[in-house]
file upload_37.tsv (TSV, C-alpha atoms and all ligand atoms)
chain	number	residue	atom	x	y	z
P	10	SER	CA	0.00	0.00	0.00
P	11	ALA	CA	1.04	3.58	-0.46
P	12	VAL	CA	0.93	6.57	1.81
P	13	GLY	CA	-0.21	9.93	0.54
P	14	LEU	CA	1.31	13.18	1.67
P	15	ALA	CA	-0.66	16.36	1.82
P	16	PRO	CA	-0.83	19.60	3.78
P	17	PRO	CA	-3.28	20.17	6.56
P	18	ALA	CA	-6.35	22.26	5.83
P	19	GLY	CA	-5.43	25.83	5.10
P	20	MET	CA	-1.84	25.01	4.11
P	21	ALA	CA	-0.05	27.30	6.53
P	22	PRO	CA	3.44	25.84	6.78
P	23	ALA	CA	5.01	28.81	8.52
P	24	SER	CA	2.61	29.01	11.44
P	25	GLY	CA	3.88	27.67	14.70
P	26	PHE	CA	7.54	28.10	13.80
P	27	SER	CA	9.67	30.81	15.29
P	28	GLY	CA	12.17	32.73	13.23
P	29	PHE	CA	13.09	32.40	9.56
P	30	GLN	CA	9.42	32.31	8.65
P	31	ASP	CA	9.87	34.10	5.35
P	32	GLU	CA	12.54	31.67	4.29
P	33	ARG	CA	10.39	28.75	5.28
P	34	GLN	CA	7.39	30.08	3.46
P	35	ASN	CA	9.50	30.16	0.34
P	36	ALA	CA	11.32	26.99	0.96
P	37	SER	CA	9.31	24.54	2.93
P	38	ILE	CA	7.50	21.41	2.14
P	39	LEU	CA	5.04	20.38	4.76
P	40	LEU	CA	4.22	16.69	4.63
P	41	THR	CA	1.09	15.38	6.22
P	42	MET	CA	-0.16	11.84	6.19
P	43	LEU	CA	-3.59	11.41	4.64
P	44	PRO	CA	-6.34	9.49	6.41
P	45	PRO	CA	-7.26	6.30	4.54
P	46	PRO	CA	-10.42	7.53	2.73
P	47	ALA	CA	-8.67	10.57	1.28
P	48	LEU	CA	-5.67	8.43	0.48
P	49	ASN	CA	-7.79	5.97	-1.44
P	50	ASP	CA	-9.36	8.79	-3.44
P	51	ALA	CA	-5.99	10.33	-4.11
P	52	LEU	CA	-4.48	7.10	-5.31
P	53	ALA	CA	-7.48	5.87	-7.28
P	54	GLY	CA	-5.92	7.19	-10.47
P	55	PHE	CA	-2.87	5.01	-9.97
P	56	ALA	CA	-4.67	1.79	-9.20
P	57	ASP	CA	-4.38	0.46	-12.74
P	58	ASP	CA	-0.65	1.00	-13.00
P	59	PRO	CA	1.33	-0.77	-10.27
P	60	GLN	CA	4.58	0.28	-11.97
P	61	LEU	CA	3.92	3.81	-10.85
P	62	MET	CA	4.22	2.83	-7.24
P	63	GLN	CA	7.56	1.10	-7.55
P	64	ARG	CA	9.79	4.16	-7.46
P	65	GLY	CA	7.34	6.88	-6.56
P	66	ILE	CA	4.95	8.48	-9.01
P	67	THR	CA	5.64	9.62	-12.57
P	68	ALA	CA	5.33	13.24	-13.58
P	69	GLU	CA	2.07	12.69	-15.47
P	70	ALA	CA	0.50	10.84	-12.59
P	71	ARG	CA	1.77	13.43	-10.16
P	72	GLU	CA	-0.18	16.09	-12.03
P	73	ARG	CA	-3.34	14.18	-11.27
P	74	LEU	CA	-2.74	13.72	-7.57
P	75	THR	CA	-4.74	16.38	-5.83
P	76	ILE	CA	-6.67	16.09	-2.64
P	77	ALA	CA	-10.21	17.45	-2.79
P	78	GLY	CA	-9.08	19.73	-5.59
P	79	GLN	CA	-6.18	21.09	-3.53
P	80	PRO	CA	-2.56	20.52	-4.46
P	81	ALA	CA	-1.06	18.25	-1.91
P	82	LEU	CA	2.28	19.83	-1.08
P	83	LEU	CA	3.76	23.27	-0.88
P	84	VAL	CA	7.31	23.34	-2.19
P	85	THR	CA	9.58	26.37	-2.62
P	86	GLY	CA	6.58	28.61	-2.96
P	87	ARG	CA	4.93	26.38	-5.53
P	88	GLN	CA	2.31	23.81	-4.85
P	89	ARG	CA	3.11	20.25	-5.74
P	90	ALA	CA	1.59	16.91	-5.07
P	91	GLY	CA	3.32	13.69	-4.18
P	92	ALA	CA	2.75	10.26	-2.77
P	93	ALA	CA	5.21	7.83	-1.30
P	94	GLU	CA	5.30	4.19	-0.48
P	95	PRO	CA	6.25	3.59	3.14
P	96	ARG	CA	9.66	2.29	2.03
P	97	LEU	CA	10.59	5.38	-0.07
P	98	SER	CA	13.40	7.44	1.42
P	99	LEU	CA	12.95	11.15	1.85
P	100	ALA	CA	15.87	11.76	-0.53
P	101	ASP	CA	14.26	9.69	-3.28
P	102	PHE	CA	10.89	11.28	-2.62
P	103	LEU	CA	12.36	14.76	-3.05
P	104	ARG	CA	14.30	13.83	-6.18
P	105	GLU	CA	12.06	11.39	-7.97
P	106	VAL	CA	8.57	12.38	-6.94
P	107	LEU	CA	8.93	16.14	-6.52
P	108	ASP	CA	11.76	16.62	-9.06
P	109	LEU	CA	13.80	18.53	-6.47
P	110	THR	CA	17.08	17.17	-7.75
P	111	GLY	CA	19.21	19.65	-5.83
P	112	THR	CA	19.21	17.12	-2.99
P	113	HIS	CA	22.05	14.79	-4.00
P	114	VAL	CA	22.51	11.16	-3.12
P	115	GLY	CA	26.01	9.79	-2.57
P	116	CYS	CA	26.63	6.99	-0.11
P	117	GLU	CA	23.00	6.35	0.95
P	118	HIS	CA	24.42	5.28	4.31
P	119	GLY	CA	24.43	8.55	6.21
P	120	VAL	CA	28.14	9.10	5.79
P	121	CYS	CA	28.77	11.65	3.02
P	122	GLY	CA	26.22	14.38	3.81
P	123	ALA	CA	25.32	14.99	0.14
P	124	CYS	CA	21.64	14.41	0.89
P	125	THR	CA	21.41	16.87	3.79
P	126	VAL	CA	18.19	18.87	4.03
P	127	LEU	CA	16.72	20.89	6.88
P	128	LEU	CA	13.96	19.26	8.90
P	129	ASP	CA	12.21	21.95	10.92
P	130	GLY	CA	15.39	23.96	10.49
P	131	GLU	CA	17.84	21.24	11.58
P	132	PRO	CA	20.11	19.38	9.16
P	133	ILE	CA	19.28	15.72	8.62
P	134	ARG	CA	20.36	12.98	6.21
P	135	ALA	CA	17.48	12.54	3.78
P	136	CYS	CA	18.86	9.13	2.73
P	137	LEU	CA	18.32	7.80	6.25
P	138	MET	CA	14.77	9.02	6.69
P	139	LEU	CA	11.63	7.66	5.10
P	140	ALA	CA	9.42	10.20	3.37
P	141	VAL	CA	6.50	9.20	5.55
P	142	GLN	CA	8.54	9.93	8.68
P	143	ALA	CA	8.62	13.57	7.57
P	144	ALA	CA	4.84	13.82	7.76
P	145	GLY	CA	3.87	17.04	9.46
P	146	ARG	CA	7.41	18.41	9.36
P	147	SER	CA	8.88	21.31	7.44
P	148	ILE	CA	11.59	20.40	4.90
P	149	THR	CA	13.94	22.93	3.34
P	150	THR	CA	15.92	21.84	0.29
P	151	VAL	CA	18.65	23.77	-1.49
P	152	GLU	CA	16.04	24.94	-3.98
P	153	GLY	CA	14.50	26.92	-1.15
P	154	LEU	CA	17.61	28.65	0.18
P	155	ALA	CA	17.36	31.78	-1.92
P	156	PRO	CA	14.33	33.97	-1.34
P	157	GLY	CA	13.74	34.67	-5.03
P	158	ASP	CA	15.46	33.83	-8.31
P	159	GLY	CA	18.91	34.97	-7.15
P	160	LEU	CA	21.38	33.45	-4.71
P	161	SER	CA	21.25	33.54	-0.94
P	162	PRO	CA	24.18	35.37	0.76
P	163	LEU	CA	25.73	32.00	1.56
P	164	GLN	CA	25.40	30.77	-2.01
P	165	GLN	CA	26.83	34.05	-3.28
P	166	ALA	CA	29.84	33.64	-1.00
P	167	PHE	CA	30.44	30.14	-2.40
P	168	GLN	CA	30.34	31.55	-5.91
P	169	ASP	CA	32.58	34.52	-5.09
P	170	LYS	CA	35.19	32.40	-3.28
P	171	HIS	CA	35.03	29.43	-5.65
P	172	GLY	CA	33.88	27.20	-2.80
P	173	LEU	CA	32.97	24.32	-5.11
P	174	GLN	CA	34.27	22.35	-8.04
P	175	CYS	CA	31.96	19.58	-9.25
P	176	GLY	CA	29.26	20.80	-6.87
P	177	TYR	CA	28.08	17.37	-5.81
P	178	CYS	CA	28.63	18.02	-2.12
P	179	THR	CA	27.54	21.66	-2.29
P	180	PRO	CA	23.79	21.49	-1.56
P	181	GLY	CA	24.41	19.45	1.57
P	182	ILE	CA	27.19	21.76	2.70
P	183	LEU	CA	25.05	24.84	2.08
P	184	LEU	CA	22.18	23.53	4.18
P	185	THR	CA	24.44	22.27	6.97
P	186	THR	CA	26.15	25.65	7.04
P	187	GLN	CA	22.89	27.58	6.91
P	188	ALA	CA	21.78	25.92	10.14
P	189	PHE	CA	25.27	26.22	11.66
P	190	LEU	CA	25.48	29.98	11.09
P	191	ARG	CA	22.15	30.49	12.79
P	192	GLN	CA	23.58	28.90	15.93
P	193	ASN	CA	27.04	30.39	15.56
P	194	PRO	CA	27.03	33.52	13.40
P	195	SER	CA	30.72	34.31	13.98
P	196	PRO	CA	32.51	30.96	13.91
P	197	THR	CA	36.24	30.48	14.10
P	198	ARG	CA	38.03	28.69	11.28
P	199	GLU	CA	38.38	25.63	13.53
P	200	GLU	CA	34.66	25.59	14.27
P	201	ILE	CA	33.90	25.76	10.56
P	202	ARG	CA	36.23	22.86	9.87
P	203	GLU	CA	34.65	20.85	12.65
P	204	MET	CA	31.18	21.57	11.31
P	205	LEU	CA	32.25	20.41	7.84
P	206	ALA	CA	33.46	17.07	9.16
P	207	GLY	CA	30.09	15.50	8.38
P	208	ASN	CA	30.09	16.54	4.73
P	209	LEU	CA	32.56	14.83	2.42
P	210	CYS	CA	33.97	16.78	-0.52
P	211	ARG	CA	36.13	14.92	-2.98
P	212	CYS	CA	37.28	17.89	-5.06
P	213	THR	CA	38.11	21.06	-3.24
P	214	GLY	CA	40.36	20.18	-0.33
P	215	TYR	CA	37.92	22.28	1.74
P	216	HIS	CA	40.11	25.38	1.87
P	217	LEU	CA	37.91	27.53	-0.36
P	218	ILE	CA	34.76	26.16	1.26
P	219	VAL	CA	36.03	27.39	4.62
P	220	GLU	CA	36.87	30.75	3.07
P	221	ALA	CA	33.41	31.02	1.56
P	222	ILE	CA	31.76	30.28	4.90
P	223	GLU	CA	33.97	32.81	6.66
P	224	ALA	CA	33.07	35.40	4.03
P	225	ALA	CA	29.38	34.64	4.40
P	226	ALA	CA	29.60	34.90	8.19
P	227	HIS	CA	31.38	38.26	7.94
P	228	GLY	CA	28.79	39.49	5.45
P	229	LEU	CA	25.90	38.37	7.62
P	230	ALA	CA	27.49	39.93	10.69
P	231	ARG	CA	27.80	43.22	8.81
P	232	THR	CA	24.17	43.00	7.73
P	233	HIS	CA	22.98	42.45	11.28
P	234	THR	CA	25.27	44.84	13.15
P	235	PRO	CA	23.55	48.18	13.74
P	236	LYS	CA	25.55	51.07	12.35
P	237	PRO	CA	26.94	53.45	14.98
P	238	ALA	CA	25.00	56.68	15.17
J	301	LIG	FE1	22.92	10.49	2.57
J	301	LIG	FE2	25.46	10.10	1.86
J	301	LIG	S1	23.68	10.05	0.61
J	301	LIG	S2	24.68	10.73	3.78
J	302	LIG	FE1	33.05	18.07	-5.83
J	302	LIG	FE2	32.71	18.81	-3.29
J	302	LIG	S1	32.91	20.09	-5.02
J	302	LIG	S2	32.59	16.83	-4.11
call {"tool": "encode", "arguments": {"input": "upload_37.tsv", "output": "structure tokens"}}
result
Amino acid sequence: SAVGLAPPAGMAPASGFSGFQDERQNASILLTMLPPPALNDALAGFADDPQLMQRGITAEARERLTIAGQPALLVTGRQRAGAAEPRLSLADFLREVLDLTGTHVGCEHGVCGACTVLLDGEPIRACLMLAVQAAGRSITTVEGLAPGDGLSPLQQAFQDKHGLQCGYCTPGILLTTQAFLRQNPSPTREEIREMLAGNLCRCTGYHLIVEAIEAAAHGLARTHTPKPA
């Protein structure tokens, strides 16, 4: 059997969270488990095609999955629908069902950090979590980091300082760092290196990543420090 994911009535993902509400409104997916009758209705369109359920739902089928006429998920400011089998990982759900391919998959064992997303603002390994376990939680992917079409200050710092090469590790590092800088807005170089220990990068040697994070922290500190009168 499959489990449907949909927002609660009213779709208000930012309510109840403190801080960073604007970012979350732009960036969040709120996953809510459907009760069985609504789930059956939602999945009725897929009943004749068991293939669809094997690795999530195809794009065409996804278009048809709405709950009582309402799109089922809110993602990066756009409404999307998705359904997941209980065995589908959150990483695969994001990539294959919602087409949010910025979440990368490397080791699938919780080691490399490529799949890191924010769950209610805290970094987690999306390869180690089932999509259905995220029901009712707010997920931020790298697609949601920037408020509009441009780059977030952290992303801009990575571009300016050449903090990436192939970019495979970058989404996970950006999200891990985003949460880290909230807790520690003025980190030392050692603290940055320690924070990065959970995200493996094969290309850069980390030096320019550390520089990018330092630059972002300095920029954010400038933004938030009141100017002397
Ligand atoms: Fe999840 Fe490596 S793919 S930690
Ligand atoms: Fe290639 Fe980090 S930039 S793995």
call {"tool": "atom_distance", "arguments": {"input": "upload_37.tsv", "atom1": "CA of Cys175 in chain P", "atom2": "CA of Thr112 in chain P"}}
result
14.4 Å
call {"tool": "residues_near_ligand", "arguments": {"input": "upload_37.tsv", "ligand": "ligand LIG 301 (chain J)", "cutoff": "6 Å", "atoms": "all atoms listed in the file", "output": "ChimeraX atom specification"}}
result
/P:114-124,134-136
call {"tool": "atom_distance", "arguments": {"input": "upload_37.tsv", "atom1": "CA of Arg96 in chain P", "atom2": "CA of Gly130 in chain P"}}
result
24.0 Å
call {"tool": "closest_residue", "arguments": {"input": "upload_37.tsv", "among": "P:Glu203, P:Asp169, P:Glu105, P:Glu223", "to": "Ala140 in chain P", "atoms": "only C-alpha atoms"}}
result
P:Glu105
call {"tool": "atom_distance", "arguments": {"input": "upload_37.tsv", "atom1": "CA of Leu99 in chain P", "atom2": "CA of Arg146 in chain P"}}
result
11.8 Å
call {"tool": "residues_near_ligand", "arguments": {"input": "upload_37.tsv", "ligand": "ligand LIG 302 (chain J)", "cutoff": "12 Å", "atoms": "all atoms listed in the file", "output": "ChimeraX atom specification"}}
result
/P:113-115,121-123,167-168,171-183,205,208-218
call {"tool": "closest_residue", "arguments": {"input": "upload_37.tsv", "among": "P:Glu199, P:Glu131, P:Glu152, P:Asp101", "to": "Thr186 in chain P", "atoms": "all atoms listed in the file"}}
result
P:Glu131
call {"tool": "closest_residue", "arguments": {"input": "upload_37.tsv", "among": "P:Ala221, P:Ile201, P:Ala100, P:Val151", "to": "Leu184 in chain P", "atoms": "only C-alpha atoms"}}
result
P:Val151
